[in-house]
Amino acid sequence: MTTDVLIRVDNLSKQFGGGAINALNGVSAEIRRGEVVVVIGPSGSGKSTFLRCLNLLELPTGGTITFEGTDITDPKVNINRHRQKMGMVFQHFNLFPNMTVLKNMTVAPVRLGKKSRADAEKQAMELLERVGLADRAGAYPNQLSGGQKQRVAIVRALCMDPDVMLFDEPTSALDPEMVGEVLEVMKRLAHQGMTMVVVTHEMGFAREVGDRVIFMDGGTIVEQGSPDEIFNHPNHPRLQDFLRKVL
Amino acid sequence: MQAWLDNIKGEFDLNFIQGSRWKFLVTGLGNTLLITLMALAIGLVLGMIIAAVRSTYDKTVDNARPSVGRRILGFVNGACKVYLTVLRGTPVVVQLMIFAFVIFASARNMLMVAGLAFGLNSAAYVAEIIRGGIMSIDNGQFEAGRSLGFNYLQTMWYVVLPQVAKNVLPALMNEFIALLKETSVAGYVAVMDLTKAGDTIRGRTYSPFMPLIAVALIYLALVMFMTWVVGKVERRLRSSDH
Ligand SMILES: Nc1ncnc2c1ncn2[C@@H]1O[C@H](COP(=O)(O)OP(=O)(O)OP(=O)(O)O)[C@@H](O)[C@H]1O
Ligand SMILES: [Mg+2]
């Protein structure tokens, strides 16, 4: 891990419903290259909103997000270009149901002119090989199990060669017996040095794989630190309370 | 029995053979198909444009920066809403007559005017069918497309619309069946469509049964054929359902 900052978040705020709901209240954070940052917190604390602001799926109300040196909240910035470098994995997979697994993975790199079809397919097959799904390349998403879908969603994002991967509760929609296979893929990705921001309720994953854990509550970062600091020596009462409930 | 058959034969002869009156039906059928096809083309193109404006506005209403483009989109969206309300809120015959006798009162080709009027009317229904199809696609599909780096239009084109097309094709084809039947009021503006053709024969022979039944049977055959095609398309879509 280097100290090179990949994403810098400054005083980020997000309101919904014309100011009725404050989902984020001045969040500042840094994501360093090669780092695995795990975001935990109670339901409604703003974890998803924070993550979705990072690639501007949610437009922040205030504050700035600097990605690879560019302030991507500047309206003049072409966000589509930067999103190509930020892979995202959703709770509900969001695979394209009308495309095969292979097409799901190659449609973006090919259509965006990033790779030739042959190159994209070659890379996609290598990635499928690595997650044990090479034989499902021609299958449609509804022919896959939940765990398989999520593994495909992960490698689909990887096909754009992103510099960071954002995960929003990637295992929450899975049957318990399929959680492990998805976490395993994420763990390997982390070991390969991928920068990752992971919103999850899997405390085991946070402890084992996370370099840093961020605890959010009420739209702010209440406490952050190494997994050891957060899980074994929590300071803030709200974090202590949260951990009592989930562990 | 023999007398009855002779009567039928005589009626048939009177209504269709004498004076080559069957030619009215051929001309009428041709015009009906022409109006329907024109209306279909106009309805599809304009309907898709309106649907694009309406759904783009709705999809981005919560998450767009205020800008000039945004304001223009808001204005066009408002105009589309008015259009839909008016066109769907008044009878198509009245619209047709306004087109023929008010807006294009000096036009000589009433066939074109009728095609335009039915097309503009159909566009309103097509727009709502397509918009419904777009809005029924899970927002996660948009987000997945955008998160991969596609811009709004690319996401629409590569990800959303192929799914929409599959969902709305049967509804669109049913709209076209309805359109075919609706054109039967074209006679109000002196267009010799199929219905008007039957009525014209009736006016000459004073024998209403044969010409009107013939017209009804021709419509029925057309509609049954189109329904059969819709069924085939629906089955095809379902079998490729993924
Ligand atoms: N699109 C939206 N419109 C209105 N309110 C929203 C929207 N998205 C989130 N919120 C609100 O913002 C707050 C933060 O929501 P967020 O989804 O970020 O929480 P979360 O920490 O991800 O929760 P969970 O663990 O349940 O996923 C909540 O009060 C939520 O109701
Ligand atoms: Mg969430």
# chains A, B, ... in the order shown; residues from 1 in each chain; ligands from 1

$ residues_near_ligand --ligand "ligand 1" --cutoff "7 Å" --atoms "only C-alpha atoms and all ligand atoms" --output "MDAnalysis selection string"
chainID A and resid 16:17 21:23 41:50 219

$ residues_around --residues "Pro208 (chain B)" --least-positions-apart "6" --cutoff "9 Å" --atoms "only C-alpha atoms" --output "PyMOL selection string"
chain B and resi 198-199+201-202

$ residues_around --residues "Val113 (chain B)" --least-positions-apart "4" --cutoff "12 Å" --atoms "only C-alpha atoms" --output "list in words"
Leu34, Ile35, Met38, Ala39, Gln95, Leu96, Met97, Ile98, Phe99, Ala100, Phe101, Val102, Ile103, Phe104, Ala105, Ser106, Ala107, Arg108, Asn109, Ala117, Phe118, Gly119, Leu120, Ala186, Val189, Ala190 and Val191 of chain B

$ interface_residues --of "chain B" --to "chain A" --cutoff "8 Å" --atoms "only C-alpha atoms" --output "compact mmCIF listing (two decimals) with all heavy atoms, in the first residue's frame"
# COMPACT_ATOMS: atom_id res chain seq x y z
N ASN B 63 -31.96 14.24 -10.14
CA ASN B 63 -30.52 14.17 -10.07
C ASN B 63 -29.86 14.95 -11.21
O ASN B 63 -28.96 14.48 -11.85
CB ASN B 63 -30.08 12.71 -10.13
CG ASN B 63 -28.92 12.45 -9.18
OD1 ASN B 63 -28.46 13.37 -8.50
ND2 ASN B 63 -28.44 11.24 -9.14
N ALA B 64 -30.37 16.14 -11.47
CA ALA B 64 -29.79 16.93 -12.54
C ALA B 64 -29.41 18.31 -12.02
O ALA B 64 -30.06 18.86 -11.15
CB ALA B 64 -30.78 17.07 -13.69
N GLY B 140 -31.89 -0.04 -11.71
CA GLY B 140 -30.57 -0.67 -11.60
C GLY B 140 -29.91 -0.89 -12.95
O GLY B 140 -28.69 -0.87 -13.06
N GLN B 141 -30.72 -1.07 -13.99
CA GLN B 141 -30.17 -1.25 -15.33
C GLN B 141 -29.52 0.04 -15.82
O GLN B 141 -28.44 0.02 -16.41
CB GLN B 141 -31.28 -1.68 -16.31
CG GLN B 141 -31.86 -3.05 -15.99
CD GLN B 141 -30.87 -4.15 -16.32
OE1 GLN B 141 -30.31 -4.20 -17.41
NE2 GLN B 141 -30.63 -5.04 -15.36
N GLU B 143 -28.36 2.38 -13.84
CA GLU B 143 -27.20 2.64 -12.99
C GLU B 143 -26.03 1.75 -13.39
O GLU B 143 -24.88 2.20 -13.39
CB GLU B 143 -27.57 2.43 -11.52
CG GLU B 143 -28.60 3.43 -11.05
CD GLU B 143 -28.82 3.39 -9.56
OE1 GLU B 143 -28.47 2.37 -8.94
OE2 GLU B 143 -29.37 4.37 -9.02
N ALA B 144 -26.32 0.50 -13.73
CA ALA B 144 -25.23 -0.39 -14.16
C ALA B 144 -24.60 0.16 -15.44
O ALA B 144 -23.38 0.21 -15.57
CB ALA B 144 -25.76 -1.80 -14.38
N ARG B 146 -24.61 3.31 -16.54
CA ARG B 146 -23.87 4.54 -16.26
C ARG B 146 -22.58 4.24 -15.52
O ARG B 146 -21.55 4.87 -15.78
CB ARG B 146 -24.73 5.52 -15.44
CG ARG B 146 -25.98 6.03 -16.11
CD ARG B 146 -25.75 6.63 -17.46
NE ARG B 146 -24.84 7.78 -17.48
CZ ARG B 146 -25.20 9.04 -17.31
NH1 ARG B 146 -26.47 9.34 -17.10
NH2 ARG B 146 -24.32 10.00 -17.35
N SER B 147 -22.62 3.28 -14.59
CA SER B 147 -21.42 3.02 -13.79
C SER B 147 -20.31 2.40 -14.64
O SER B 147 -19.15 2.47 -14.28
CB SER B 147 -21.75 2.10 -12.61
OG SER B 147 -21.89 0.76 -13.04
N LEU B 148 -20.68 1.80 -15.77
CA LEU B 148 -19.64 1.25 -16.65
C LEU B 148 -19.02 2.33 -17.53
O LEU B 148 -18.04 2.09 -18.23
CB LEU B 148 -20.24 0.16 -17.54
CG LEU B 148 -20.53 -1.16 -16.83
CD1 LEU B 148 -21.42 -2.05 -17.68
CD2 LEU B 148 -19.24 -1.88 -16.49
N GLY B 149 -19.62 3.53 -17.52
CA GLY B 149 -19.05 4.63 -18.29
C GLY B 149 -19.88 5.05 -19.48
O GLY B 149 -19.52 5.98 -20.19
N PHE B 150 -20.99 4.36 -19.73
CA PHE B 150 -21.89 4.81 -20.80
C PHE B 150 -22.52 6.14 -20.41
O PHE B 150 -22.88 6.34 -19.24
CB PHE B 150 -23.02 3.80 -21.00
CG PHE B 150 -22.63 2.55 -21.76
CD1 PHE B 150 -23.01 1.30 -21.30
CD2 PHE B 150 -21.90 2.64 -22.94
CE1 PHE B 150 -22.67 0.15 -21.99
CE2 PHE B 150 -21.55 1.49 -23.64
CZ PHE B 150 -21.94 0.24 -23.16
N ASN B 151 -22.70 7.04 -21.37
CA ASN B 151 -23.46 8.25 -21.08
C ASN B 151 -24.95 7.93 -21.16
O ASN B 151 -25.33 6.77 -21.42
CB ASN B 151 -23.06 9.40 -22.01
CG ASN B 151 -23.39 9.10 -23.47
OD1 ASN B 151 -24.33 8.37 -23.77
ND2 ASN B 151 -22.61 9.67 -24.38
N VAL B 159 -28.43 -0.57 -23.52
CA VAL B 159 -28.90 -1.36 -22.37
C VAL B 159 -30.42 -1.37 -22.26
O VAL B 159 -31.05 -2.42 -22.19
CB VAL B 159 -28.29 -0.81 -21.06
CG1 VAL B 159 -28.86 -1.53 -19.85
CG2 VAL B 159 -26.78 -0.94 -21.09
N PRO B 162 -33.20 -2.05 -25.93
CA PRO B 162 -33.42 -3.44 -26.38
C PRO B 162 -34.40 -4.18 -25.48
O PRO B 162 -35.19 -4.99 -25.96
CB PRO B 162 -32.02 -4.06 -26.30
CG PRO B 162 -31.08 -2.92 -26.45
CD PRO B 162 -31.76 -1.76 -25.78
N GLN B 163 -34.34 -3.90 -24.18
CA GLN B 163 -35.28 -4.54 -23.26
C GLN B 163 -36.68 -3.96 -23.41
O GLN B 163 -37.68 -4.67 -23.33
CB GLN B 163 -34.80 -4.38 -21.81
CG GLN B 163 -33.43 -5.00 -21.56
CD GLN B 163 -32.96 -4.82 -20.13
OE1 GLN B 163 -33.69 -5.07 -19.19
NE2 GLN B 163 -31.73 -4.36 -19.96
N ASP B 241 -37.06 -15.46 -23.84
CA ASP B 241 -37.12 -14.68 -22.61
C ASP B 241 -35.97 -15.05 -21.68
O ASP B 241 -35.86 -16.18 -21.27
CB ASP B 241 -38.45 -14.97 -21.89
CG ASP B 241 -39.02 -13.71 -21.29
OD1 ASP B 241 -38.27 -12.71 -21.26
OD2 ASP B 241 -40.16 -13.73 -20.85
N HIS B 242 -35.16 -14.07 -21.39
CA HIS B 242 -34.05 -14.38 -20.50
C HIS B 242 -34.08 -13.52 -19.28
O HIS B 242 -34.43 -12.40 -19.33
CB HIS B 242 -32.73 -14.19 -21.24
CG HIS B 242 -32.60 -15.15 -22.38
ND1 HIS B 242 -32.54 -16.50 -22.21
CD2 HIS B 242 -32.58 -14.94 -23.70
CE1 HIS B 242 -32.46 -17.09 -23.38
NE2 HIS B 242 -32.48 -16.16 -24.30

$ closest_residue --among "A:Glu35, A:Glu169, A:Glu121, A:Glu184" --to "ligand 2" --atoms "only C-alpha atoms and all ligand atoms"
A:Glu169

$ residues_around --residues "Val233 (chain B)" --least-positions-apart "5" --cutoff "12 Å" --atoms "only C-alpha atoms" --output "PyMOL selection string"
chain B and resi 165-174+226-228+238-240

$ write_last_selection --atoms "N, CA and C atoms" --output "CSV table (one decimal), in the first residue's frame"
chain,number,residue,atom,x,y,z
B,165,ALA,N,-38.0,-2.6,-26.1
B,165,ALA,CA,-38.5,-3.1,-27.4
B,165,ALA,C,-39.2,-4.4,-27.2
B,166,LYS,N,-38.6,-5.3,-26.5
B,166,LYS,CA,-39.2,-6.6,-26.3
B,166,LYS,C,-40.5,-6.5,-25.5
B,167,ASN,N,-40.5,-5.6,-24.5
B,167,ASN,CA,-41.7,-5.5,-23.6
B,167,ASN,C,-42.8,-4.9,-24.3
B,168,VAL,N,-42.6,-3.9,-25.2
B,168,VAL,CA,-43.7,-3.1,-25.7
B,168,VAL,C,-44.2,-3.5,-27.1
B,169,LEU,N,-43.4,-4.4,-27.7
B,169,LEU,CA,-43.8,-4.8,-29.1
B,169,LEU,C,-45.2,-5.3,-29.2
B,170,PRO,N,-45.7,-6.2,-28.3
B,170,PRO,CA,-47.1,-6.6,-28.4
B,170,PRO,C,-48.1,-5.5,-28.2
B,171,ALA,N,-47.8,-4.6,-27.3
B,171,ALA,CA,-48.7,-3.5,-27.0
B,171,ALA,C,-48.8,-2.5,-28.2
B,172,LEU,N,-47.6,-2.3,-28.8
B,172,LEU,CA,-47.5,-1.4,-30.0
B,172,LEU,C,-48.3,-2.0,-31.2
B,173,MET,N,-48.2,-3.3,-31.3
B,173,MET,CA,-48.9,-4.0,-32.5
B,173,MET,C,-50.4,-3.9,-32.2
B,174,ASN,N,-50.8,-4.0,-31.0
B,174,ASN,CA,-52.2,-3.9,-30.7
B,174,ASN,C,-52.7,-2.5,-31.0
B,226,MET,N,-53.4,-9.6,-38.5
B,226,MET,CA,-52.5,-8.9,-37.6
B,226,MET,C,-52.4,-9.5,-36.2
B,227,THR,N,-53.5,-9.9,-35.7
B,227,THR,CA,-53.6,-10.6,-34.4
B,227,THR,C,-52.7,-11.8,-34.4
B,228,TRP,N,-52.8,-12.6,-35.5
B,228,TRP,CA,-52.0,-13.8,-35.7
B,228,TRP,C,-50.5,-13.5,-35.6
B,238,ARG,N,-41.4,-14.7,-26.0
B,238,ARG,CA,-41.4,-15.4,-24.8
B,238,ARG,C,-40.4,-16.5,-24.8
B,239,SER,N,-40.2,-17.2,-25.9
B,239,SER,CA,-39.3,-18.3,-26.0
B,239,SER,C,-37.8,-17.8,-25.9
B,240,SER,N,-37.6,-16.5,-26.2
B,240,SER,CA,-36.2,-16.0,-26.1
B,240,SER,C,-36.2,-15.2,-24.8

$ closest_residue --among "B:Leu87, B:Val93, B:Leu111, B:Arg70" --to "Gly30 (chain B)" --atoms "only C-alpha atoms"
B:Leu111

$ select_by_dssp --residues "region 15-237 of chain B" --states "alpha helix (DSSP H)" --output "PyMOL selection string"
chain B and resi 22-60+68-89+92-98+110-135+139-147+152-154+161-182+194-205+209-237

$ atom_distance --atom1 "CA of Met125 (chain A)" --atom2 "CA of Asn139 (chain B)"
28.0 Å
